[in-house]
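K.L.:
File name target-v6.cif; file contents mmCIF, C-alpha atoms and all ligand atoms; full text below.
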data_data
loop_
_atom_site.label_atom_id
_atom_site.label_comp_id
_atom_site.auth_asym_id
_atom_site.auth_seq_id
_atom_site.Cartn_x
_atom_site.Cartn_y
_atom_site.Cartn_z
CA MET A 1 -0.78 -1.31 -5.98
CA ILE A 2 -1.85 1.53 -8.24
CA SER A 3 -2.43 0.68 -11.95
CA ALA A 4 -0.12 2.04 -14.63
CA GLU A 5 -2.91 4.23 -15.89
CA GLU A 6 -3.72 5.70 -12.48
CA PHE A 7 -0.03 6.26 -11.85
CA HIS A 8 0.41 8.19 -15.10
CA ARG A 9 -2.63 10.27 -14.25
CA LEU A 10 -1.11 11.12 -10.86
CA ARG A 11 2.22 11.99 -12.47
CA LEU A 12 0.55 14.17 -15.07
CA ARG A 13 -1.37 16.08 -12.42
CA LEU A 14 1.78 16.68 -10.40
CA ASP A 15 3.85 17.58 -13.48
CA ARG A 16 1.30 20.19 -14.46
CA ALA A 17 1.55 21.73 -11.01
CA GLY A 18 5.37 21.66 -11.25
CA VAL A 19 5.61 19.23 -8.35
CA GLN A 20 8.16 16.42 -8.18
CA LEU A 21 7.05 13.02 -6.96
CA VAL A 22 9.07 10.94 -4.53
CA ALA A 23 7.57 7.43 -4.47
CA VAL A 24 7.97 6.24 -0.88
CA SER A 25 9.09 2.62 -1.13
CA LYS A 26 9.79 1.78 2.52
CA THR A 27 8.89 -1.89 3.24
CA VAL A 28 8.26 -2.42 -0.51
CA PRO A 29 10.30 -5.25 -2.08
CA PRO A 30 12.61 -4.49 -5.02
CA ASP A 31 10.46 -6.19 -7.67
CA ARG A 32 7.58 -3.80 -7.03
CA ILE A 33 9.92 -0.81 -6.99
CA LEU A 34 11.18 -2.00 -10.36
CA ARG A 35 7.66 -2.04 -11.74
CA LEU A 36 7.32 1.66 -10.99
CA TYR A 37 10.79 2.25 -12.41
CA GLU A 38 9.61 0.70 -15.65
CA TRP A 39 6.73 3.18 -15.66
CA GLY A 40 9.33 5.95 -15.63
CA GLN A 41 9.63 6.79 -11.93
CA ARG A 42 13.19 7.59 -10.81
CA ASP A 43 12.81 9.22 -7.38
CA PHE A 44 12.22 6.85 -4.48
CA GLY A 45 12.11 7.52 -0.74
CA GLU A 46 13.22 5.28 2.10
CA ASN A 47 13.01 5.95 5.81
CA ARG A 48 15.51 3.41 7.16
CA PRO A 49 19.19 3.75 6.29
CA GLN A 50 19.85 0.00 6.50
CA GLU A 51 16.89 -0.80 4.28
CA LEU A 52 18.30 1.65 1.73
CA ARG A 53 21.74 0.06 2.04
CA ASP A 54 20.26 -3.39 1.33
CA LYS A 55 17.93 -2.43 -1.52
CA ARG A 56 20.08 -0.01 -3.47
CA PRO A 57 22.48 -2.60 -4.97
CA GLN A 58 19.49 -4.67 -6.20
CA LEU A 59 18.03 -1.83 -8.26
CA PRO A 60 19.10 0.29 -11.26
CA ASN A 61 21.78 2.79 -10.40
CA ASP A 62 20.08 5.76 -12.02
CA ILE A 63 17.45 5.76 -9.27
CA ARG A 64 17.58 8.93 -7.18
CA TRP A 65 17.17 7.85 -3.57
CA HIS A 66 15.70 10.14 -0.93
CA MET A 67 16.21 9.60 2.79
CA ILE A 68 13.05 10.75 4.52
CA GLY A 69 13.25 9.06 7.93
CA ARG A 70 14.70 10.04 11.25
CA LEU A 71 18.48 9.68 11.28
CA GLN A 72 20.59 8.37 14.08
CA THR A 73 24.11 9.73 13.81
CA ASN A 74 25.65 6.24 13.57
CA LYS A 75 23.53 5.51 10.45
CA VAL A 76 24.53 8.64 8.56
CA LYS A 77 27.24 6.64 6.78
CA TYR A 78 24.59 4.77 4.79
CA VAL A 79 23.01 7.88 3.33
CA VAL A 80 25.86 10.27 2.49
CA GLY A 81 26.94 9.83 -1.12
CA THR A 82 24.18 7.27 -1.80
CA THR A 83 21.18 9.62 -1.80
CA ALA A 84 20.16 12.47 -4.10
CA LEU A 85 18.59 14.26 -1.13
CA VAL A 86 18.34 13.80 2.63
CA HIS A 87 14.99 15.32 3.69
CA SER A 88 15.31 14.65 7.39
CA ALA A 89 18.16 16.81 8.68
CA ASP A 90 16.23 17.69 11.81
CA ARG A 91 18.84 18.86 14.32
CA PRO A 92 22.30 20.47 14.42
CA LYS A 93 23.99 17.25 15.53
CA VAL A 94 22.76 15.45 12.42
CA LEU A 95 23.90 18.32 10.18
CA GLU A 96 27.31 18.15 11.81
CA VAL A 97 27.70 14.40 11.28
CA LEU A 98 26.37 14.56 7.70
CA ASN A 99 28.86 17.34 6.97
CA GLN A 100 31.76 15.42 8.51
CA ARG A 101 30.99 12.33 6.51
CA ALA A 102 30.60 14.30 3.25
CA HIS A 103 33.88 16.08 3.98
CA ARG A 104 35.68 12.78 4.47
CA MET A 105 34.25 11.50 1.18
CA GLY A 106 35.19 14.74 -0.59
CA ILE A 107 31.63 15.43 -1.74
CA ARG A 108 28.76 17.83 -1.13
CA GLN A 109 25.59 16.19 0.11
CA PRO A 110 22.23 17.82 -0.73
CA VAL A 111 19.92 18.07 2.31
CA LEU A 112 16.66 19.65 3.45
CA LEU A 113 16.06 20.97 6.93
CA GLN A 114 13.13 19.24 8.53
CA VAL A 115 10.83 21.73 10.25
CA ARG A 116 8.37 20.88 12.98
CA ILE A 117 5.05 22.34 11.88
CA ALA A 118 2.67 19.83 13.49
CA GLN A 119 1.24 20.25 16.96
CA GLU A 120 2.12 16.65 17.80
CA ASP A 121 5.31 16.44 19.88
CA THR A 122 6.16 13.12 18.27
CA LYS A 123 6.99 14.75 14.96
CA ALA A 124 10.66 15.52 14.43
CA GLY A 125 12.13 18.76 13.16
CA MET A 126 13.46 22.16 14.13
CA PRO A 127 10.83 24.64 15.28
CA PRO A 128 10.30 27.51 12.77
CA ASP A 129 11.98 30.07 15.05
CA GLU A 130 15.06 27.92 15.28
CA VAL A 131 15.18 27.59 11.48
CA ARG A 132 14.90 31.37 11.12
CA ARG A 133 17.72 31.87 13.60
CA PHE A 134 19.83 29.24 11.85
CA PHE A 135 19.73 31.23 8.61
CA ASP A 136 20.03 34.65 10.28
CA GLU A 137 23.19 33.49 12.00
CA GLY A 138 24.77 32.13 8.83
CA GLY A 139 24.14 28.50 9.76
CA PRO A 140 24.71 27.03 6.29
CA GLN A 141 28.31 28.31 6.28
CA ARG A 142 29.10 26.01 9.18
CA TYR A 143 28.46 23.01 6.91
CA PRO A 144 30.54 23.58 3.76
CA ASN A 145 30.04 19.99 2.59
CA LEU A 146 26.25 20.21 2.64
CA THR A 147 24.05 21.97 0.10
CA ILE A 148 20.91 23.05 1.90
CA ARG A 149 18.32 22.82 -0.84
CA GLY A 150 15.15 23.64 1.08
CA LEU A 151 12.74 22.57 3.79
CA MET A 152 10.69 19.50 4.62
CA GLY A 153 7.71 19.18 6.93
CA MET A 154 4.91 16.87 8.02
CA ALA A 155 1.50 18.16 8.98
CA THR A 156 -0.58 16.91 11.90
CA HIS A 157 -2.32 13.65 11.02
CA THR A 158 -5.93 14.76 11.12
CA ASP A 159 -8.97 14.85 8.89
CA ASP A 160 -9.41 18.49 9.79
CA PHE A 161 -7.81 19.89 6.66
CA ARG A 162 -8.03 23.45 7.98
CA ILE A 163 -5.28 22.52 10.43
CA VAL A 164 -3.26 20.74 7.74
CA ARG A 165 -3.59 23.70 5.38
CA GLN A 166 -2.55 26.15 8.08
CA GLU A 167 0.57 24.12 8.87
CA PHE A 168 1.60 23.81 5.23
CA ARG A 169 1.01 27.52 4.76
CA THR A 170 3.26 28.28 7.72
CA LEU A 171 5.99 26.14 6.15
CA ARG A 172 5.60 27.79 2.73
CA ARG A 173 5.93 31.25 4.32
CA LEU A 174 9.04 30.20 6.19
CA PHE A 175 10.46 28.77 2.97
CA GLU A 176 9.86 32.06 1.09
CA GLU A 177 11.36 34.02 3.93
CA VAL A 178 14.62 32.10 4.31
CA ARG A 179 15.24 31.43 0.62
CA GLN A 180 16.06 35.13 0.07
CA GLY A 181 19.69 35.24 -0.92
CA MET A 182 20.16 31.47 -0.65
CA PRO A 183 21.38 29.93 -3.90
CA HIS A 184 20.11 26.38 -4.68
CA PHE A 185 17.28 26.77 -2.16
CA GLU A 186 14.30 25.61 -4.15
CA VAL A 187 12.79 22.46 -2.65
CA LEU A 188 9.74 22.46 -0.42
CA SER A 189 8.99 18.84 0.47
CA MET A 190 5.54 18.49 2.01
CA GLY A 191 2.51 16.24 1.53
CA MET A 192 1.96 12.49 1.66
CA THR A 193 -0.92 10.18 0.65
CA HIS A 194 -3.36 11.64 3.13
CA ASP A 195 -2.69 15.32 2.49
CA TYR A 196 -0.68 15.82 -0.71
CA GLU A 197 -3.49 17.64 -2.49
CA VAL A 198 -3.54 20.29 0.22
CA ALA A 199 0.26 20.48 0.10
CA VAL A 200 0.27 21.02 -3.68
CA ASP A 201 -2.36 23.69 -3.24
CA GLU A 202 -0.18 25.38 -0.64
CA GLY A 203 2.93 25.44 -2.81
CA ALA A 204 4.84 22.19 -2.30
CA THR A 205 7.53 21.58 -4.94
CA MET A 206 7.95 17.93 -3.92
CA VAL A 207 5.54 15.40 -2.42
CA ARG A 208 6.37 12.06 -0.78
CA ILE A 209 3.72 9.46 -1.57
CA GLY A 210 3.79 5.84 -0.45
CA SER A 211 0.57 3.96 0.25
CA LEU A 212 -1.44 5.61 -2.55
CA ILE A 213 1.07 4.09 -4.99
CA PHE A 214 2.15 0.81 -3.40
CA GLY A 215 -0.95 0.08 -1.31
CA PRO A 216 -1.18 -0.09 2.48
CA ARG A 217 1.93 -1.18 4.33
CA ALA A 218 1.88 -4.29 6.50
C1 LIG B 301 6.05 6.94 5.09
C2 LIG B 301 6.34 8.37 4.84
C3 LIG B 301 5.71 9.07 3.80
C4 LIG B 301 4.66 8.45 2.88
O1 LIG B 301 3.54 8.09 3.60
P1 LIG B 301 2.18 7.62 2.87
O2 LIG B 301 1.12 7.98 3.83
O3 LIG B 301 2.31 6.15 2.68
O4 LIG B 301 2.09 8.35 1.59
C5 LIG B 301 6.05 10.40 3.60
N1 LIG B 301 6.96 11.00 4.37
C6 LIG B 301 7.59 10.38 5.38
C7 LIG B 301 8.58 11.13 6.19
C8 LIG B 301 7.30 9.04 5.65
O5 LIG B 301 7.92 8.42 6.66
#
Starting from the file, give its structure as structure tokens.

P.N.:
Amino acid sequence: MISAEEFHRLRLRLDRAGVQLVAVSKTVPPDRILRLYEWGQRDFGENRPQELRDKRPQLPNDIRWHMIGRLQTNKVKYVVGTTALVHSADRPKVLEVLNQRAHRMGIRQPVLLQVRIAQEDTKAGMPPDEVRRFFDEGGPQRYPNLTIRGLMGMATHTDDFRIVRQEFRTLRRLFEEVRQGMPHFEVLSMGMTHDYEVAVDEGATMVRIGSLIFGPRA
């Protein structure tokens, strides 16, 4: 795990760039999450709804949880009303179920649309053209119980940072394009341990960092 000093240096660098840090705590036990909490971190990201459900009651309730992993519609119930932001709304069906659940709870759930920018087919998300069409056709109005706060994306996992940079740049351009006339649309979530520096350089407003902070996952 990162030292307190290294962590504060990371935070300072991100703060100066105006970038919010989500500490990705998937597979990390509560006591180590708490250590980071004591260092002042409040935003944590989980990728499994059940893991979030189990950990949340064991940790301080002013933590802002972020759901960053692929959502099955039957797991949506664990994330609506319990998370500050769902980053992984990656298809209309998921938006629909998130909206239904939020409606039933009488709340508005903040979400990001996950965009597929990587070449790898395994990566989830709506293709950029579909995202464009979604906004052109007044998509957000179909989900009155969701606040669409921005976009999320994952770059191709490669050491060729020209590819990574190009993908992040594509996402930033799409973000600038669709945010016109969209109130509350201000979050661009991109960059993880491997590529967050490129993401910050390309205009991320939020990065999701796990192993750099907590060490490699088992
Ligand atoms: C695990 C994960 C991260 C963090 O990955 P690291 O390489 O450990 O920083 C970021 N985003 C998503 C969607 C993840 O699943």

K.L.:
Could you give me the residues within 7 Å of ligand LIG 301 (chain B), counting all atoms listed in the file, as a list in words?

P.N.:
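Answer in the requested format: Val24, Lys26, Asn47, Ile68, Gly69, Met192, Thr193, His194, Arg208, Ile209, Gly210, Ser211 and Leu212 of chain A.
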
K.L.:
Output C-alpha atoms for every residue in the selection just made, as a short mmCIF file (atom, residue, chain, number, x, y, z; two decimals), in the coordinates of the input.

P.N.:
data_model
loop_
_atom_site.label_atom_id
_atom_site.label_comp_id
_atom_site.auth_asym_id
_atom_site.auth_seq_id
_atom_site.Cartn_x
_atom_site.Cartn_y
_atom_site.Cartn_z
CA VAL A 24 7.97 6.24 -0.88
CA LYS A 26 9.79 1.78 2.52
CA ASN A 47 13.01 5.95 5.81
CA ILE A 68 13.05 10.75 4.52
CA GLY A 69 13.25 9.06 7.93
CA MET A 192 1.96 12.49 1.66
CA THR A 193 -0.92 10.18 0.65
CA HIS A 194 -3.36 11.64 3.13
CA ARG A 208 6.37 12.06 -0.78
CA ILE A 209 3.72 9.46 -1.57
CA GLY A 210 3.79 5.84 -0.45
CA SER A 211 0.57 3.96 0.25
CA LEU A 212 -1.44 5.61 -2.55
#

K.L.:
When you count only C-alpha atoms, which of these residues is closest to A:Gly153: A:Val187, A:Val115, A:Val79, A:Val178?

P.N.:
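Smallest distance to A:Gly153 is found for A:Val115.
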
K.L.:
Kindly provide the residues of stretch 46-139 of chain A that approach stretch 154-161 of chain A to within 7 Å, each paired with its closest atom pair and their distance in Å to one decimal, based on only C-alpha atoms, listed by chain and increasing number, as CSV.

P.N.:
residue,atom,partner,partner_atom,distance
A:Ile117,CA,A:Ala155,CA,6.2
A:Ala118,CA,A:Thr156,CA,4.6
A:Gln119,CA,A:Thr156,CA,6.3
A:Glu120,CA,A:Thr156,CA,6.5

K.L.:
Would you mind exporting the chosen residues as a compact mmCIF listing (two decimals), in the coordinates of the input, restricted to C-alpha atoms?

P.N.:
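Dumped everything to result_6.txt:
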# COMPACT_ATOMS: atom_id res chain seq x y z
CA ILE A 117 5.05 22.34 11.88
CA ALA A 118 2.67 19.83 13.49
CA GLN A 119 1.24 20.25 16.96
CA GLU A 120 2.12 16.65 17.80

K.L.:
In Å, with one decimal, what is the gap from atom CA of A:Leu112 to atom CA of A:Leu85?

P.N.:
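Atom CA of A:Leu112 sits 7.3 Å away from atom CA of A:Leu85.
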
K.L.:
Rank A:Arg116, A:Arg53, A:His8, A:Arg179 by their smallest atom-to-atom distance to A:Asp136, using all atoms listed in the file, and report the top residue only.

P.N.:
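Checking each of A:Arg116, A:Arg53, A:His8, A:Arg179 against A:Asp136, counting all atoms listed in the file, the winner is A:Arg179.
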
K.L.:
By how many Å are atom CA of A:Leu146 and atom CA of A:Ser88 apart?

P.N.:
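About the pair atom CA of A:Leu146 and atom CA of A:Ser88: they are 13.2 Å apart.
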
K.L.:
Given all atoms listed in the file as the basis, pick out the residue of A:Leu174, A:Val76, A:Leu21, A:Pro30 nearest to A:Gln50.

P.N.:
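For A:Gln50, the nearest of the candidates is A:Val76.
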
K.L.:
Between atom CA of A:Ala124 and atom CA of A:Met190, what is the distance, to one decimal in Å?

P.N.:
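Separating atom CA of A:Ala124 from atom CA of A:Met190 is a distance of 13.8 Å.
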
K.L.:
Please return, as a list in words, all polymer residues that have at least one atom within 9 Å of the point (0.8, 18.9, -5.2); use only C-alpha atoms and the file's own coordinate frame.

P.N.:
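Returned residue set, sorted by chain then number, is Arg13, Leu14, Asp15, Ala17, Gly18, Val19, Gln20, Leu21, Met190, Gly191, Tyr196, Glu197, Val198, Ala199, Val200, Asp201, Glu202, Gly203, Ala204, Thr205, Met206 and Val207 of chain A.
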
K.L.:
Pick out the residues sitting within 10 Å of A:Phe175, and hand them over as JSON, numbers by chain; count all atoms listed in the file, and ignore anything fewer than 2 positions along from it in its own chain.

P.N.:
{"A": [128, 131, 132, 150, 151, 152, 169, 170, 171, 172, 173, 177, 178, 179, 180, 185, 186, 187, 188]}

K.L.:
If we draw a sphere of 9 Å around (27.4, 17.4, -4.6), which residues have at least one atom in it when counting all atoms listed in the file? Please report them as a PDB file with C-alpha atoms, keeping the file's coordinate frame.

P.N.:
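As a result, result_37.pdb now contains:
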ATOM      1  CA  GLY A  81      26.940   9.830  -1.120  1.00  0.00           C
ATOM      2  CA  ALA A  84      20.160  12.470  -4.100  1.00  0.00           C
ATOM      3  CA  ILE A 107      31.630  15.430  -1.740  1.00  0.00           C
ATOM      4  CA  ARG A 108      28.760  17.830  -1.130  1.00  0.00           C
ATOM      5  CA  GLN A 109      25.590  16.190   0.110  1.00  0.00           C
ATOM      6  CA  PRO A 110      22.230  17.820  -0.730  1.00  0.00           C
ATOM      7  CA  ASN A 145      30.040  19.990   2.590  1.00  0.00           C
ATOM      8  CA  LEU A 146      26.250  20.210   2.640  1.00  0.00           C
ATOM      9  CA  THR A 147      24.050  21.970   0.100  1.00  0.00           C
TER      10      THR A 147
END

K.L.:
Please identify all polymer residues within 6 Å of A:Met67, counting only C-alpha atoms, omitting same-chain residues fewer than 5 positions from it, and present them as a VMD selection string.

P.N.:
chain A and resid 45 to 47 86 to 87
